[in-house]
>>> print(open('structure-v7.txt').read())   # compact mmCIF, C-alpha atoms and all ligand atoms
# COMPACT_ATOMS: atom_id res chain seq x y z
CA MET U 8 90.92 65.75 58.71
CA PRO U 9 87.96 68.08 59.03
CA ILE U 10 85.90 69.20 56.00
CA ILE U 11 87.79 68.56 52.77
CA ASN U 12 89.20 71.92 51.56
CA ARG U 13 88.19 71.44 47.95
CA ILE U 14 84.60 70.74 49.03
CA ALA U 15 84.59 73.84 51.27
CA GLU U 16 85.51 75.85 48.14
CA TYR U 17 82.18 75.06 46.49
CA HIS U 18 80.04 75.41 49.61
CA SER U 19 78.16 78.26 47.91
CA ASP U 20 77.36 76.03 44.90
CA MET U 21 75.97 73.41 47.25
CA LYS U 22 73.88 76.08 48.95
CA GLU U 23 72.42 77.03 45.57
CA TRP U 24 71.63 73.41 44.68
CA ARG U 25 70.01 72.79 48.04
CA GLN U 26 67.90 75.93 47.91
CA HIS U 27 66.81 75.18 44.35
CA ILE U 28 65.67 71.70 45.38
CA HIS U 29 64.02 73.18 48.47
CA ALA U 30 62.00 75.62 46.37
CA HIS U 31 60.71 72.79 44.13
CA PRO U 32 59.59 69.95 46.40
CA GLU U 33 58.11 66.73 45.01
CA LEU U 34 56.33 63.88 46.75
CA MET U 35 56.67 60.11 46.86
CA PHE U 36 57.71 58.48 43.56
CA ASP U 37 57.14 61.67 41.58
CA CYS U 38 60.61 63.18 42.02
CA HIS U 39 61.16 63.67 38.29
CA LYS U 40 62.19 67.34 38.36
CA THR U 41 64.53 66.77 41.29
CA ALA U 42 66.04 63.77 39.50
CA ALA U 43 66.48 65.83 36.32
CA PHE U 44 68.30 68.51 38.33
CA VAL U 45 70.53 65.83 39.90
CA VAL U 46 71.28 64.29 36.48
CA GLU U 47 72.19 67.72 35.05
CA ARG U 48 74.72 68.29 37.85
CA LEU U 49 76.13 64.74 37.54
CA ARG U 50 76.69 65.27 33.80
CA GLU U 51 78.56 68.50 34.55
CA PHE U 52 80.75 66.64 37.03
CA GLY U 53 81.57 63.98 34.42
CA VAL U 54 80.40 60.84 36.23
CA ASP U 55 80.81 57.68 34.14
CA GLU U 56 77.31 56.21 34.03
CA ILE U 57 73.82 57.43 34.87
CA HIS U 58 70.94 54.94 35.08
CA GLU U 59 67.61 56.77 35.33
CA GLY U 60 64.02 55.70 35.84
CA ILE U 61 64.59 53.18 38.63
CA ALA U 62 61.57 53.18 41.00
CA GLU U 63 60.03 55.72 38.59
CA SER U 64 62.21 58.73 39.36
CA GLY U 65 65.18 57.19 41.17
CA LEU U 66 68.63 56.87 39.66
CA VAL U 67 72.01 55.29 40.17
CA ALA U 68 75.20 56.97 38.92
CA ILE U 69 78.58 55.31 38.73
CA ILE U 70 82.00 56.89 39.20
CA ASN U 71 84.95 54.68 38.32
CA GLY U 72 88.04 54.89 40.48
CA GLN U 73 91.51 53.82 39.44
CA GLY U 74 91.85 50.09 38.86
CA ASP U 75 89.64 47.20 39.88
CA GLY U 76 87.94 46.90 43.20
CA PRO U 77 84.59 46.66 44.94
CA THR U 78 81.65 49.05 44.55
CA ILE U 79 80.57 51.08 47.56
CA GLY U 80 76.99 52.42 47.56
CA LEU U 81 76.11 55.88 48.90
CA ARG U 82 72.44 56.76 49.21
CA ALA U 83 70.43 59.98 49.35
CA ASP U 84 66.65 60.43 49.42
CA MET U 85 65.01 63.13 47.26
CA ASP U 86 61.35 63.37 48.31
CA ALA U 87 59.52 66.05 50.30
CA LEU U 88 56.43 66.01 52.54
CA PRO U 89 52.78 67.04 52.10
CA LEU U 90 53.07 70.02 54.45
CA GLN U 91 52.63 73.78 54.06
CA GLU U 92 55.90 75.61 54.72
CA ILE U 93 55.82 78.45 57.26
CA HIS U 94 58.96 80.36 56.55
CA ASP U 95 59.96 83.50 54.74
CA HIS U 96 63.28 82.87 53.11
CA ASP U 97 63.71 83.68 49.42
CA TYR U 98 63.82 80.01 48.41
CA LYS U 99 60.54 79.11 50.12
CA SER U 100 58.62 76.19 48.59
CA THR U 101 56.94 77.28 45.38
CA VAL U 102 54.43 74.44 45.62
CA ASP U 103 51.43 74.85 47.93
CA GLY U 104 51.12 72.06 50.45
CA LYS U 105 54.52 70.53 49.74
CA MET U 106 57.81 71.20 51.47
CA HIS U 107 61.20 69.70 52.23
CA ALA U 108 60.55 69.30 55.94
CA CYS U 109 62.84 66.30 56.44
CA GLY U 110 65.97 67.73 54.84
CA HIS U 111 66.11 65.33 51.89
CA ASP U 112 67.00 68.42 49.83
CA GLY U 113 70.13 68.53 52.00
CA HIS U 114 70.87 64.80 51.72
CA THR U 115 70.65 65.03 47.92
CA THR U 116 73.00 68.04 48.02
CA MET U 117 75.53 66.24 50.25
CA LEU U 118 75.68 63.35 47.79
CA LEU U 119 75.99 65.75 44.84
CA GLY U 120 78.86 67.48 46.64
CA ALA U 121 80.58 64.14 47.14
CA ALA U 122 79.95 63.20 43.48
CA LYS U 123 81.60 66.40 42.24
CA TYR U 124 84.71 65.76 44.31
CA LEU U 125 84.94 62.04 43.56
CA ALA U 126 84.51 62.56 39.80
CA GLU U 127 87.21 65.24 39.90
CA THR U 128 89.82 63.46 42.04
CA ARG U 129 89.24 59.68 41.71
CA ASN U 130 91.50 58.88 44.63
CA PHE U 131 90.05 55.42 45.11
CA THR U 132 89.96 51.98 43.54
CA GLY U 133 86.87 50.16 42.28
CA ARG U 134 83.68 52.12 41.83
CA VAL U 135 81.17 54.27 43.65
CA ALA U 136 77.43 53.84 43.11
CA LEU U 137 75.51 57.02 43.94
CA ILE U 138 71.92 56.06 44.78
CA PHE U 139 69.30 58.83 44.59
CA GLN U 140 65.94 57.40 45.65
CA PRO U 141 62.37 58.73 45.71
CA ALA U 142 59.59 57.93 48.19
CA GLU U 143 61.36 57.58 51.51
CA GLU U 144 58.38 59.22 53.24
CA GLY U 145 55.95 56.33 53.10
CA GLY U 146 56.38 54.81 49.66
CA GLY U 147 59.33 52.54 50.42
CA GLY U 148 61.34 53.78 47.46
CA ALA U 149 64.43 52.02 48.81
CA GLU U 150 62.63 48.67 48.68
CA VAL U 151 61.46 49.30 45.12
CA MET U 152 65.02 50.16 44.07
CA CYS U 153 66.37 47.02 45.73
CA ASP U 154 63.61 44.95 44.08
CA ALA U 155 64.68 46.48 40.76
CA GLY U 156 68.03 44.80 41.39
CA ILE U 157 70.35 47.76 41.98
CA MET U 158 72.50 45.90 44.52
CA ASP U 159 73.25 43.01 42.12
CA ASN U 160 73.19 44.96 38.86
CA PHE U 161 75.76 47.47 40.06
CA LYS U 162 77.66 44.91 42.19
CA ILE U 163 77.32 47.07 45.30
CA ASN U 164 79.04 45.35 48.21
CA GLN U 165 78.25 47.76 51.05
CA VAL U 166 76.00 50.77 51.44
CA TYR U 167 75.90 53.94 53.57
CA GLY U 168 73.38 56.67 54.30
CA VAL U 169 72.95 59.67 56.59
CA HIS U 170 70.14 61.74 58.04
CA ASN U 171 70.34 65.26 59.40
CA ILE U 172 68.92 65.84 62.86
CA PRO U 173 68.11 69.26 64.33
CA GLY U 174 69.08 69.65 67.98
CA PRO U 175 72.53 68.10 68.37
CA PRO U 176 75.42 70.52 67.64
CA LEU U 177 76.22 71.21 63.99
CA GLY U 178 78.47 68.50 62.60
CA GLN U 179 78.14 66.08 65.50
CA PHE U 180 77.82 62.47 64.29
CA LEU U 181 75.45 60.08 66.09
CA ALA U 182 75.77 56.36 65.50
CA ARG U 183 74.30 53.14 66.85
CA LYS U 184 75.07 49.51 66.09
CA GLY U 185 72.21 47.07 65.63
CA PRO U 186 68.56 48.20 65.50
CA ALA U 187 68.71 52.01 65.25
CA LEU U 188 65.27 52.85 63.85
CA ALA U 189 62.01 51.01 64.37
CA ALA U 190 59.73 48.85 62.28
CA ALA U 191 56.59 50.92 61.69
CA ASP U 192 53.40 48.89 61.33
CA GLU U 193 49.75 49.90 61.40
CA PHE U 194 46.67 48.11 62.61
CA LYS U 195 43.03 48.56 61.69
CA ILE U 196 40.40 46.88 63.85
CA ASN U 197 36.82 46.77 62.61
CA ILE U 198 34.17 45.87 65.17
CA THR U 199 30.65 44.94 64.15
CA GLY U 200 27.96 44.68 66.82
CA ALA U 201 24.24 45.16 66.62
CA GLY U 202 23.05 48.74 66.86
CA GLY U 203 19.84 50.06 68.32
CA HIS U 204 18.24 52.60 70.62
CA GLY U 205 20.52 54.28 73.13
CA ALA U 206 17.88 53.73 75.80
CA MET U 207 17.64 49.96 75.16
CA PRO U 208 21.19 48.61 75.26
CA GLU U 209 19.90 45.19 76.29
CA LEU U 210 18.65 44.74 72.72
CA THR U 211 22.02 45.57 71.15
CA ILE U 212 25.62 44.39 70.97
CA ASP U 213 27.38 47.66 71.67
CA PRO U 214 30.53 48.05 69.51
CA VAL U 215 31.54 51.17 71.46
CA VAL U 216 32.08 49.09 74.58
CA VAL U 217 34.06 46.52 72.60
CA ALA U 218 36.19 49.27 71.02
CA VAL U 219 37.20 50.85 74.32
CA GLN U 220 37.89 47.46 75.91
CA ILE U 221 40.13 46.52 73.00
CA ALA U 222 41.88 49.91 73.10
CA SER U 223 42.48 49.51 76.80
CA ALA U 224 43.63 45.88 76.61
CA ILE U 225 46.06 46.58 73.75
CA GLN U 226 47.85 49.15 75.93
CA THR U 227 48.77 46.36 78.33
CA ILE U 228 50.95 44.67 75.69
CA SER U 229 53.61 47.35 76.09
CA SER U 230 53.28 47.41 79.88
CA ARG U 231 52.76 43.68 80.64
CA ASN U 232 54.15 41.59 77.75
CA VAL U 233 57.63 43.01 77.10
CA ALA U 234 60.61 43.44 79.37
CA ALA U 235 61.27 46.98 80.52
CA ASN U 236 64.34 47.33 78.30
CA ASP U 237 62.72 45.92 75.14
CA ASN U 238 61.57 48.91 73.12
CA LEU U 239 57.94 48.91 72.06
CA VAL U 240 55.47 51.64 71.21
CA ILE U 241 51.80 50.93 70.61
CA SER U 242 49.74 54.05 69.98
CA ILE U 243 46.03 53.97 69.36
CA THR U 244 45.59 56.99 67.15
CA GLU U 245 42.03 56.55 65.88
CA ILE U 246 38.68 55.52 67.30
CA HIS U 247 35.68 56.21 65.10
CA THR U 248 32.08 55.38 65.80
CA GLY U 249 28.62 56.76 66.36
CA THR U 250 26.37 59.43 64.92
CA ALA U 251 24.02 60.64 67.68
CA GLY U 252 23.47 60.68 71.42
CA ASN U 253 20.50 58.30 71.31
CA ILE U 254 21.84 55.67 68.89
CA ILE U 255 24.02 52.72 69.73
CA PRO U 256 26.00 52.35 66.50
CA GLN U 257 26.38 49.21 64.45
CA THR U 258 30.15 49.41 63.98
CA ALA U 259 33.29 50.89 65.51
CA PHE U 260 36.87 51.31 64.32
CA VAL U 261 40.13 51.29 66.28
CA GLY U 262 43.42 52.05 64.53
CA GLY U 263 46.99 52.91 65.38
CA THR U 264 50.69 52.25 65.00
CA VAL U 265 53.14 49.70 66.40
CA ARG U 266 56.87 50.43 66.59
CA THR U 267 59.33 47.64 67.36
CA LEU U 268 63.08 47.08 67.06
CA THR U 269 63.18 43.28 66.84
CA LYS U 270 61.26 40.56 64.97
CA GLU U 271 60.61 38.74 68.27
CA VAL U 272 58.74 41.65 69.81
CA GLN U 273 56.91 42.35 66.54
CA VAL U 274 55.69 38.72 66.29
CA MET U 275 54.62 38.76 69.93
CA VAL U 276 52.63 41.99 69.45
CA VAL U 277 50.74 40.63 66.45
CA ARG U 278 49.91 37.43 68.36
CA ARG U 279 48.74 39.30 71.48
CA MET U 280 46.65 41.76 69.47
CA GLN U 281 44.94 38.91 67.67
CA GLU U 282 44.27 37.13 70.99
CA ILE U 283 42.79 40.31 72.45
CA CYS U 284 40.57 40.88 69.41
CA ASP U 285 39.36 37.25 69.39
CA GLY U 286 38.86 37.23 73.15
CA MET U 287 36.86 40.46 73.15
CA ALA U 288 34.76 39.22 70.23
CA ALA U 289 33.90 36.08 72.21
CA ALA U 290 33.31 37.97 75.44
CA PHE U 291 30.88 40.50 73.94
CA GLY U 292 29.40 38.53 71.06
CA ALA U 293 30.64 41.02 68.48
CA ASN U 294 32.52 40.41 65.26
CA VAL U 295 36.10 41.75 65.38
CA GLU U 296 38.44 41.78 62.38
CA MET U 297 42.04 42.90 62.76
CA ASP U 298 44.10 43.92 59.76
CA PHE U 299 47.78 44.24 60.71
CA GLN U 300 49.69 46.06 57.99
CA TYR U 301 53.46 45.67 57.97
CA GLY U 302 55.39 48.83 57.07
CA TYR U 303 59.13 49.50 56.96
CA PRO U 304 61.16 46.90 58.85
CA ALA U 305 63.48 47.93 61.68
CA MET U 306 66.67 49.53 60.38
CA VAL U 307 69.55 47.43 61.65
CA ASN U 308 73.07 48.84 61.33
CA HIS U 309 75.78 46.24 60.75
CA ASP U 310 78.49 46.09 63.42
CA LYS U 311 81.66 46.10 61.34
CA GLU U 312 80.42 48.75 58.89
CA THR U 313 79.21 50.94 61.77
CA ASP U 314 82.65 50.74 63.42
CA PHE U 315 84.11 51.76 60.07
CA ALA U 316 81.64 54.64 59.62
CA VAL U 317 82.42 55.86 63.14
CA GLU U 318 86.15 55.90 62.42
CA VAL U 319 85.56 57.90 59.24
CA ALA U 320 83.24 60.29 61.10
CA LYS U 321 85.89 60.81 63.79
CA GLY U 322 88.30 61.83 61.04
CA ILE U 323 85.86 64.55 59.95
CA ALA U 324 84.47 65.79 63.25
CA GLY U 325 87.04 64.67 65.85
CA ALA U 326 86.45 61.81 68.30
CA GLU U 327 84.79 64.15 70.79
CA ASN U 328 82.04 64.93 68.26
CA VAL U 329 81.05 61.36 67.47
CA GLU U 330 78.49 59.67 69.71
CA THR U 331 78.75 55.92 69.20
CA ASP U 332 75.88 54.54 71.26
CA VAL U 333 72.89 56.84 70.91
CA PRO U 334 69.47 55.44 71.87
CA ALA U 335 67.39 53.84 69.12
CA VAL U 336 64.78 56.10 67.55
CA MET U 337 61.22 54.75 67.26
CA GLY U 338 60.72 56.53 63.93
CA ALA U 339 61.23 54.54 60.73
CA GLU U 340 63.49 54.76 57.67
CA ASP U 341 63.29 52.80 54.42
CA PHE U 342 67.10 52.57 54.22
CA ALA U 343 66.27 49.50 56.36
CA TYR U 344 65.61 47.61 53.10
CA MET U 345 69.05 48.44 51.73
CA LEU U 346 70.63 47.17 54.95
CA GLU U 347 68.66 43.94 54.53
CA HIS U 348 70.31 43.49 51.13
CA ARG U 349 73.85 44.61 51.92
CA PRO U 350 76.00 45.34 54.97
CA GLY U 351 76.31 49.00 55.78
CA SER U 352 75.51 51.75 58.22
CA TYR U 353 73.36 54.84 58.59
CA LEU U 354 74.05 57.61 61.01
CA PHE U 355 72.74 61.01 61.98
CA ILE U 356 74.53 64.33 61.60
CA GLY U 357 73.57 67.12 63.99
CA GLY U 358 72.20 70.28 62.41
CA GLY U 359 72.33 72.61 65.42
CA GLU U 360 69.42 74.63 66.77
CA GLY U 361 66.26 74.69 64.70
CA ALA U 362 62.73 73.39 64.23
CA SER U 363 62.36 69.61 64.32
CA LEU U 364 62.00 67.30 61.32
CA HIS U 365 58.49 67.32 59.77
CA HIS U 366 57.75 70.73 61.32
CA PRO U 367 56.42 73.46 58.99
CA GLU U 368 59.23 75.80 60.14
CA TYR U 369 61.98 73.23 59.62
CA ASN U 370 64.86 74.20 57.34
CA PHE U 371 67.99 72.22 56.49
CA ASN U 372 71.15 73.91 57.77
CA ASP U 373 73.28 74.56 54.68
CA ASP U 374 76.45 74.41 56.77
CA MET U 375 75.90 70.64 57.02
CA SER U 376 76.33 70.07 53.29
CA PRO U 377 80.15 70.16 53.18
CA ILE U 378 80.27 68.00 56.31
CA GLY U 379 78.03 65.32 54.82
CA ALA U 380 79.82 65.49 51.46
CA SER U 381 83.23 65.13 53.15
CA TYR U 382 81.93 62.15 55.14
CA PHE U 383 80.68 60.41 51.97
CA VAL U 384 83.99 61.06 50.20
CA LYS U 385 86.09 59.77 53.09
CA LEU U 386 83.98 56.62 53.32
CA VAL U 387 84.95 55.88 49.72
CA GLU U 388 88.62 56.86 49.95
CA THR U 389 89.07 54.92 53.20
CA ALA U 390 87.15 51.78 52.15
CA GLN U 391 88.80 51.58 48.73
CA PRO U 392 92.21 53.29 49.10
CA LEU U 393 94.55 53.73 46.15
CA ASN U 394 97.63 52.30 47.83
CA ALA U 395 96.25 49.36 49.71
ZN ZN C 1 60.94 62.32 57.27
ZN ZN C 2 63.95 61.90 56.30
>>> encode(input="structure-v7.txt", output="structure tokens")
Amino acid sequence: MPIINRIAEYHSDMKEWRQHIHAHPELMFDCHKTAAFVVERLREFGVDEIHEGIAESGLVAIINGQGDGPTIGLRADMDALPLQEIHDHDYKSTVDGKMHACGHDGHTTMLLGAAKYLAETRNFTGRVALIFQPAEEGGGGAEVMCDAGIMDNFKINQVYGVHNIPGPPLGQFLARKGPALAAADEFKINITGAGGHGAMPELTIDPVVVAVQIASAIQTISSRNVAANDNLVISITEIHTGTAGNIIPQTAFVGGTVRTLTKEVQVMVVRRMQEICDGMAAAFGANVEMDFQYGYPAMVNHDKETDFAVEVAKGIAGAENVETDVPAVMGAEDFAYMLEHRPGSYLFIGGGEGASLHHPEYNFNDDMSPIGASYFVKLVETAQPLNA
């Protein structure tokens, strides 16, 4: 069971859809034109219900199968990135400073391809809920859609998503049970000392010294406070202070990101960072305020649904092209919120050689579209078969 033949027949349509979306990128919650394009296609396909305006420009479409049964959710993200495209294909981004550098144009196309086939054939029981969300890149569109009640309102009982990944061979599936993508949190540490003349440090409380001590001490959390096989990244990505060579400044700022795969490690990091900040404040007589800002939670794939997704993927790509235990990625993904609401799984599909995600030369490989669409369709037909 490789790519579904009928889907392969409209590969060129999918290419057109994808390249149209690529040429017209939108950011965050403002995916209105993309959503309108999606709705136009869904109407052509004859889906049964379209619910627009969820999380501003998100939508959920319903396709009824034959007879009663559960509702499986399939999700695609629609948003692009604030990045200038460096590429000279004829469907290059028409919007300066915006581009589809994460392949969400492709994810949207895969789900449209699946929608066309499912609306045409209806070889399944129950219903399919097609979830098209905005604002994956930082806005947490998935959380907003869940908060709007899509899981309950549409009686979704399980949910699946995919992401393309350049590098692995075209059409290879990469899965992982449990935590697969990291929680992405940020910290902002504001240090207030007492500034003064650079030649008379004895009259000051130097916030520069406090900043570098804190930056250095925080690094030891990942080397001294977690076991070697517990994943943790702490990156200090900003230090700002000072104006001139002869002035000890009044304030300093230290900021960065924390990536964790489990709540336990995340809680420990927050506690240790606070202890370091408080300790350094006491040691140097400065005032230190830490603001720890929680971002997307870790994305945790459910065991049973991941086993199921892997079996379906093997049917598409062959067992030899499905990796079932790939290392966790310390990037983040807001599909995490959907997996907090419902069981499900999210896996990667290899895109072959090409520039990496979020690179200005990145381009989604159109040959992935029928693969992703076939995968989505087979999830539905296998989970909710006609002759069960
Ligand atoms: Zn991205
Ligand atoms: Zn992405």
>>> closest_residue(input="structure-v7.txt", among="U:His96, U:Lys22, U:His114, U:Arg13", to="ligand ZN 2 (chain C)", atoms="all atoms listed in the file")
U:His114
>>> closest_residue(input="structure-v7.txt", among="U:Gly120, U:Gly361, U:Pro392, U:Pro350", to="Gly74 in chain U", atoms="all atoms listed in the file")
U:Pro392
>>> closest_residue(input="structure-v7.txt", among="U:Ser352, U:Ser19, U:Gln391, U:Asn236", to="Ala187 in chain U", atoms="all atoms listed in the file")
U:Ser352
>>> axis_aligned_box(input="structure-v7.txt", around="range 140-153 of chain U", padding_each_side="3 Å", output="AutoDock Vina command-line options")
--center_x 61.2 --center_y 53.1 --center_z 48.7 --size_x 16.4 --size_y 18.2 --size_z 15.2
>>> residues_around(input="structure-v7.txt", residues="range 81-95 of chain U", least_positions_apart="6", cutoff="8 Å", atoms="only C-alpha atoms", output="number ranges by chain")
U: 32-36, 38, 41-42, 103-109, 111-112, 114-115, 118, 135-144, 166-169, 365, 367-368, 383
>>> closest_residue(input="structure-v7.txt", among="U:Met152, U:Ala326, U:Leu181, U:Ile172", to="ligand ZN 1 (chain C)", atoms="all atoms listed in the file")
U:Ile172
>>> closest_residue(input="structure-v7.txt", among="U:Gln226, U:Thr269, U:Thr244, U:Thr258", to="Thr211 in chain U", atoms="all atoms listed in the file")
U:Thr258
>>> residues_around(input="structure-v7.txt", residues="Val274 in chain U", least_positions_apart="6", cutoff="12 Å", atoms="only C-alpha atoms", output="MDAnalysis selection string")
chainID U and resid 190 192 232:233 239 265:268 280:281 299 301
>>> residues_around(input="structure-v7.txt", residues="Met306 in chain U", least_positions_apart="5", cutoff="9 Å", atoms="all atoms listed in the file", output="PyMOL selection string")
chain U and resi 185-190+268+339-344+346-347+353
>>> closest_residue(input="structure-v7.txt", among="U:Cys284, U:Val46, U:Leu177, U:Ala293", to="Phe371 in chain U", atoms="all atoms listed in the file")
U:Leu177
>>> residues_around(input="structure-v7.txt", residues="Ser229 in chain U", least_positions_apart="5", cutoff="9 Å", atoms="only C-alpha atoms", output="list in words")
Ala234, Ala235, Asn238, Leu239, Val240, Ile241 and Val276 of chain U
>>> atom_distance(input="structure-v7.txt", atom1="CA of Glu388 in chain U", atom2="CA of Thr132 in chain U")
8.2 Å
>>> atom_distance(input="structure-v7.txt", atom1="CA of Phe180 in chain U", atom2="CA of Ala320 in chain U")
6.7 Å
>>> atom_distance(input="structure-v7.txt", atom1="CA of Ala30 in chain U", atom2="CA of Asp97 in chain U")
8.8 Å
>>> residues_near_point(input="structure-v7.txt", point="(81.6, 51.7, 38.1)", cutoff="10 Å", atoms="only C-alpha atoms", output="count of residues only")
22
>>> residues_around(input="structure-v7.txt", residues="range 193-199 of chain U", least_positions_apart="6", cutoff="9 Å", atoms="all atoms listed in the file", output="PDB file with C-alpha atoms, in the frame of the given file")
ATOM      1  CA  ILE U 212      25.620  44.390  70.970  1.00  0.00           C
ATOM      2  CA  ASP U 213      27.380  47.660  71.670  1.00  0.00           C
ATOM      3  CA  PRO U 214      30.530  48.050  69.510  1.00  0.00           C
ATOM      4  CA  VAL U 215      31.540  51.170  71.460  1.00  0.00           C
ATOM      5  CA  VAL U 217      34.060  46.520  72.600  1.00  0.00           C
ATOM      6  CA  ALA U 218      36.190  49.270  71.020  1.00  0.00           C
ATOM      7  CA  ILE U 243      46.030  53.970  69.360  1.00  0.00           C
ATOM      8  CA  GLN U 257      26.380  49.210  64.450  1.00  0.00           C
ATOM      9  CA  THR U 258      30.150  49.410  63.980  1.00  0.00           C
ATOM     10  CA  ALA U 259      33.290  50.890  65.510  1.00  0.00           C
ATOM     11  CA  PHE U 260      36.870  51.310  64.320  1.00  0.00           C
ATOM     12  CA  VAL U 261      40.130  51.290  66.280  1.00  0.00           C
ATOM     13  CA  GLY U 262      43.420  52.050  64.530  1.00  0.00           C
ATOM     14  CA  GLY U 263      46.990  52.910  65.380  1.00  0.00           C
ATOM     15  CA  THR U 264      50.690  52.250  65.000  1.00  0.00           C
ATOM     16  CA  VAL U 265      53.140  49.700  66.400  1.00  0.00           C
ATOM     17  CA  ARG U 266      56.870  50.430  66.590  1.00  0.00           C
ATOM     18  CA  CYS U 284      40.570  40.880  69.410  1.00  0.00           C
ATOM     19  CA  ALA U 288      34.760  39.220  70.230  1.00  0.00           C
ATOM     20  CA  ALA U 293      30.640  41.020  68.480  1.00  0.00           C
ATOM     21  CA  ASN U 294      32.520  40.410  65.260  1.00  0.00           C
ATOM     22  CA  VAL U 295      36.100  41.750  65.380  1.00  0.00           C
ATOM     23  CA  GLU U 296      38.440  41.780  62.380  1.00  0.00           C
ATOM     24  CA  MET U 297      42.040  42.900  62.760  1.00  0.00           C
ATOM     25  CA  ASP U 298      44.100  43.920  59.760  1.00  0.00           C
ATOM     26  CA  PHE U 299      47.780  44.240  60.710  1.00  0.00           C
ATOM     27  CA  GLN U 300      49.690  46.060  57.990  1.00  0.00           C
ATOM     28  CA  TYR U 301      53.460  45.670  57.970  1.00  0.00           C
ATOM     29  CA  GLY U 302      55.390  48.830  57.070  1.00  0.00           C
TER      30      GLY U 302
END
